[in-house]
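*Asks:* Mind looking over this structure? Questions follow.
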Amino acid sequence: MIIEHSYIIRIQGDIITVPAKGIGFGELAEVKSRHGISLAQVIRLKDNGVFLQVFAGSRGVSTGDQVRFLGHPMRVAFGDALMGRIFNGSGDPIDNGPNLSGLPRIEIGRPSVNPVRRVIPRGFIETRVPMVDVFNPLVESQKLPIFAAAGEPYNDLLARIGMHANADVVILGGIGLKYDEYLKFRYAFEDAGVISRSIMFIHTASDPVVERLLVPDMALAVAEQFGVRGKRVLVLLTDMTAFADAMKEIAISMDQVPSNLGYPGSLYSDLAARYEKAVDFEGAGSITVLAVTTMPGDDVTHPVPDNTGYITEGQFYLRKGVIEPFGSLSRLKQLVIGKVTRADHGVIMNSMIRLFAKSREVEQKLAMGFDKTEDDDRFLHYGQLFFDRFMDLTVDIGLNDALDLGWKTLSECFRPDEVGIKQDFIDKHWINN
Amino acid sequence: MGDLSKGRIIAVNGPLATCEVGQEHNVLQNEVAYVNCQGTSLKSEVIRIRGRQIDMQVFESTTGMMVGDDVEFSGELLSATLGPGILGMIYDGLQNPLTHLENDQDFFLKRGQYLNALDEDKQWEFTPAVASGAIVKAGQFLGSVPEGLFKHHIMVPLMLKGTWEVIRIVPAGHYRVSETIAVIRSTEDGREVPVMLKQEWPVKMPVRAYQERLLPNRQMLTQCRLIDIFFPLAEGGTACIPGPFGAGKTVLQQIISRYAEADVVIIVACGERAGEVVETIREFPELEDPKTGGSLMNRTVIICNTSSMPVAAREASIYTGVTIGEYYRSLGLKVLLLADSTSRWAQALRESSARLEEIPGEEAFPAYLESRIAAVYERAGLVRLRDGETGSLTVIGSVSPAGGNFEEPVTQNTLKVVGAFYGLSRTRSDQRRYPAIDPLISWSLYLRQMRESLEERSEGWAGLVEEVHRLLYEGSEVHQMMLVVGEEGISLDDLVIYLKSEIVDAVCLQQDSFDVVDRATSLERQVRDFLLLMDMVHHQFTYESKEDARREMTTLHNLFFQMKYCPYEGETYHRYRGEIESILAGIGENSE
Ligand SMILES: Nc1ncnc2c1ncn2[C@@H]1O[C@H](COP(=O)(O)OP(=O)(O)O)[C@@H](O)[C@H]1O
Ligand SMILES: [Mg+2]
């Protein structure tokens with residue numbers, strides 16, 4: 001049922017109110033103003049008043065402008081023809097490619113997967129970044145954000161993992177993405193030959209803020225369809241903090257009581273609804289979600305990274321251009337370590353990190369001007385090797401090589417009874433020199 | 001009962017829908033209503049009544065709901081169905097069996113599908129325990145059916161008040177959950193009530209059909225050393241696990257759900273990741289219950305309302321879980337409920353409070369947060385049943401404080417009502433010292449309360465525990481000092497204290513949940529290893545230099561460390577134990 005026309009009687013922030021009957025919650029509408037046509041979505045019904053959030057923003061919209069209801073929630077085109085295509089924040093192609101109007105359309109933001117139809121993730125995704133593969137391996141169907149302050153090379157890391165991950169379909173959701181960054185992704189994907197199996201939904205920094213809200217849902221709805229059809233999908237979302245900020249704007253326009261720094265109390269549920277789309281389907285494909293969450297003020301307790309950390313299956317901290325070993329976490333790592341990967345993986349991971357913590361402690365101690373002991377020297381040496389061989393983001397080696405390098409590094413720096421490793425592993429792997 | 005009330009939707013705001021009812025209709029607070037939305041009935045619950053305007057939280061997505069949609073009230077409160085067959089089930093927050101939904105749905109949950117919580121076709125072998133003429137009260141046993149290895153007693157409905165006479169009871173035989181197995185008559189007003197194998201209970205009300213509540217004084221063994229030794233939990237007690245994200249709340253709960261010595265374990269996955277429940281769902285059927293030899297799933301109930309499932313049903317999920325817990329407690333069982341995370345439940349309250357435009361309290365949580373939290377934990381407890389036996393419900397809730405800061409309302413209000421606090425620290429989890437329960441901030445009121453029964457472990461037990469606890473404090477102080485003045489700035493004695501505390505930390509506090517041996521420690525082993533550790537703690541080490549101390553203590557550290565990974569009483573276990581004992585004996589001789 002399409003109801004033509006209704007007239008705007010109230011505008012607050014990017015929310016407009018129109019009098020109308022027979023409108024469903026969540027329904028989509030088109031707002032026609034002097035500046036063109038924008039999509040809008042019903043976010044509240046009260047008596048005969050319908051409240052809509054206008055995706056292109058309310059600037060230039062005036063009372064009396066026309067609203068046309070479409071009788072259905074937001075939809076996006078779906079089909080194999082999406083591969084290699086690029087869309088804007090409202091799902092329209094922006095790459096001058098062939099017309100897609102013949103494709104079926106699917107609703108976005110659909111209900112969640114029945115938990116009993118999920119299987120325990122078990123696929124190890126090798127990224128050739130040792131800080132990831134050795135210390136916090138990525139697992140198929142995982143949802144994992146990169147926490148980074150502004151200025152860190154998070155998009156480079158995202159692109160690098162995206163290109164290595166060997167997924168059937170790579171979907172990029174750009175949310176408030178700088179145009180240059182978008183181009184960098186595109187060129188990187190083209191160079192790596194990934195572009196033909198990738199789909200991009202790009203909302204750029206200069207596009208209207210509310211339009212950001214659609215990007216993750218469109219990307220994930222498409223991913224879901226490929227997933228149930230047996231495809232292994234990797235979804236890259238950058239930057240989810242920009243997405244949360246758009247929700248904040250809407251909440252404030254709706255006079256909602258904020259819970260923390262102006263963000264709505266539903267922030268956790270709203271983010272979870274997106275991240276939980278990551279899934280390994282029983283007897284079908286999977287969706288892996290890798291996202292960027294920039295940390296305003298480099299503060300991990302800021303509501304957006306904080307809520308994200310509670311939702312996702314770990315996080316990578318990108319700081320000073322490297323993945324921090326402390327605080328970074330892959331919660332699914334135990335599903336693959338020693339099961340899919342080599343048996344000594346677990347002990348190497350734990351022991352190397354523990355010793356690296358020690359070397360950091362020594363560094364701090366020396367920075368405060370204390371005497372250096374012989375022990376200290378060994379730890380410092382170890383710390384340096386750890387940085388050069390593992391942390392440096394230019395290092396590009398496979399997991400097994402990295403594990404061997406781990407044993408080599410430990411053997412070079414320590415005695416076997418100092419590393420806290422079970423004897424059987426020492427017997428098998430320790431390199432006596 | 002008269003006509004059921006009807007109404008019409010006048011407003012929709014996310015999961016909050018408002019309807020108007022006619023003058024002639026009465027509506028109950030917390031009554032269940034169904035909204036007819038696009039041809040599907042969506043379950044909802046009345047949460048506020050203002051004149052003829054009724055606010056309801058809808059347990060499903062409200063997409064497509066319109067002003068003018070019909071609402072039908074059920075006349076009943078939101079209830080759980082209780083009876084044989086709950087064990088082994090996987091429910092959503094409203095007690096819909098998820099495994100059965102699977103049969104007629106694809107990968108995705110579909111709104112508006114409500115199924116029976118119990119299998120209506122299954123026949124249960126009922127054996128009566130009373131004869132007609134017996135005088136009974138709510139909660140008393142009329143007979144039983146076998147459920148797994150348990151005797152599942154069939155009770156006089158918990159809802160009934162006063163005394164009743166059994167006027168008819170069926171002979172032993174097979175019956176379905178909805179068949180009448182007895183008829184009882186009130187001794188007061190002569191009213192007759194049929195009794196079935198199943199009954200209903202409104203989830204937001206505590207079950208009180210027992211003789212009396214008792215002070216919890218026996219330990220609920222979790223096989224997690226840090227808890228059992230330092231901050232023991234009591235059967236019928238309550239505990240909370242607050243911690244920042246990634247500190248290990250869920251892993252700790254999972255490990256407890258597997259190895260705790262309980263008869264029945266209820267896992268409430270409340271607003272957290274679906275993936276975590278999947279691990280439980282998929283692994284439990286394969287795991288053996290050490291107590292019964294059967295599958296671990298046979299003693300487990302999973303209530304699963306994960307973060308992307310409707311938020312109003314999340315609020316209900318905790319109540320559904322507690323109600324099932326109280327029910328199994330009424331049968332004389334030792335029940336353990338694990339809720340992960342109560343913060344998500346509190347957030348669900350906050351979301352609905354915000355939509356109701358109530359005056360917000362701290363961090364926008366409603367003013368009644370404190371009383372709601374207290375009401376949930378107060379439903380735990382050790383009780384004496386009508387037949388003199390006891391039953392218990394122990395509750396452990398995890399708390400997810402914003403920013404990892406324990407000064408926030410949910411943590412603070414929870415700490416007011418629980419008996420034990422297992423605070424996870426970011427520092428410990430960053431150092432991979434798992435479980436990251438910080439021994440310097442955590443506490444358990446039960447250590448005192450159970451002192452007498454704990455002494456059964458070994459004479460002077462509580463004293464030893466306090467002593468090690470002090471050692472940990474001292475060790476941490478020395479460590480702090482070392483960070484400021486360096487190792488050369490502290491005395492040799494202080495260094496030894498620090499090294500001792502590090503051994504205690506590494507081999508007793510830290511426990512690797514992913515190691516087949518270390519993940520669970522039996523009571524017997526806990527006592528034996530702890531006493532050996534105490535020998536080390538009590539030992540007077542004398543060293544020439546700090547280098548000597550470090551070297552010797554590193555050896556000892558390593559031996560204890562290797563020992564904890566060895567199967568109890570195995571050959572390697574004894575070998576390491578022997579080496580430790582001889583070092584302790586050897587050095588002892590030298591030093592005297
Ligand atoms: N007892 C433990 N033993 C080993 N690893 C643990 C333990 N507890 C937590 N971890 C590690 O920490 C990660 C996060 O733990 P989790 O319980 O999911 O955190 P939370 O629920 O507090 O966010 C796990 O994936 C695991 O890698
Ligand atoms: Mg958790």
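The way I read the labels, and the way they are meant: chains A, B, ... in the order of the structure tokens, residue 1 as the first residue of every chain, and ligand 1 as the first ligand shown, with later ones counted on from there.
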Within 10 Å of ligand 1, counting only C-alpha atoms and all ligand atoms, which protein or nucleic acid residues do you find, written as a VMD selection string?

*Replies:* (chain A and resid 136 309 to 314 329 to 335 350) or (chain B and resid 224 241 to 255 272 to 273 276 340 to 341 398 to 400 404 424 to 426 429 to 430 432 to 437 510 to 515 518 to 519)

*Asks:* Hey, what's within 10 Å of Val301 of chain B if we count only C-alpha atoms and toss same-chain stuff fewer than 6 positions away? As a list of chain:residue names, please?

*Replies:*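 Counting only C-alpha atoms, the residues come to B:Ile86, B:Leu87, B:Gly88, B:Met89, B:Ile90, B:Tyr91, B:Val264, B:Val265, B:Ile266, B:Ile267, B:Val268, B:Ile281, B:Gly321, B:Ile324, B:Gly325, B:Leu337.
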
*Asks:* Fewer than 3 positions away in the same chain doesn't count, so skip those; otherwise give me all residues within 12 Å of Asp375 of chain A, counting only C-alpha atoms, as a list of chain:residue names.

*Replies:*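 Surrounding residues, per the criterion: A:Lys358, A:Ser359, A:Val362, A:Asp371, A:Lys372, A:Arg378, A:Phe379, A:Leu380, A:His381, A:Tyr382, A:Cys413, A:Phe414, A:Arg415, A:Glu418, B:Glu487, B:Glu547, B:Arg550, B:Arg551.
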
*Asks:* Would you list the contacts of Gly174 of chain A as JSON, numbers by chain, taking every protein, DNA or RNA residue within 12 Å and counting only C-alpha atoms, but skipping same-chain residues closer than 3 positions in sequence?

*Replies:* {"A": [86, 87, 88, 89, 90, 155, 158, 171, 177, 178, 179, 180, 181, 182, 183, 185, 186, 199, 200, 201, 202, 203, 204, 205, 207, 211, 212, 213, 214, 215, 216, 217, 218, 219, 235, 236, 237, 238, 239, 240, 241, 242, 243, 291, 292]}

*Asks:* Would you please extract all alpha helix (DSSP H) residues from segment 117-222 of chain A, as assigned by DSSP on the backbone, and give them as number ranges by chain?

*Replies:* A: 130, 154-164, 179-191, 214-222

*Asks:* To one decimal place in Å, what is the distance between atom CA of Leu399 of chain A and atom CA of Ile431 of chain A?

*Replies:*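 Distance between the two atoms: 18.6 Å.
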
*Asks:* Using only C-alpha atoms, can you tell me which of A:Gly64, A:Gly24, A:Ala278, A:Asp133 comes closest to Gly275 of chain B?

*Replies:*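 For Gly275 of chain B, the nearest of the candidates is A:Ala278.
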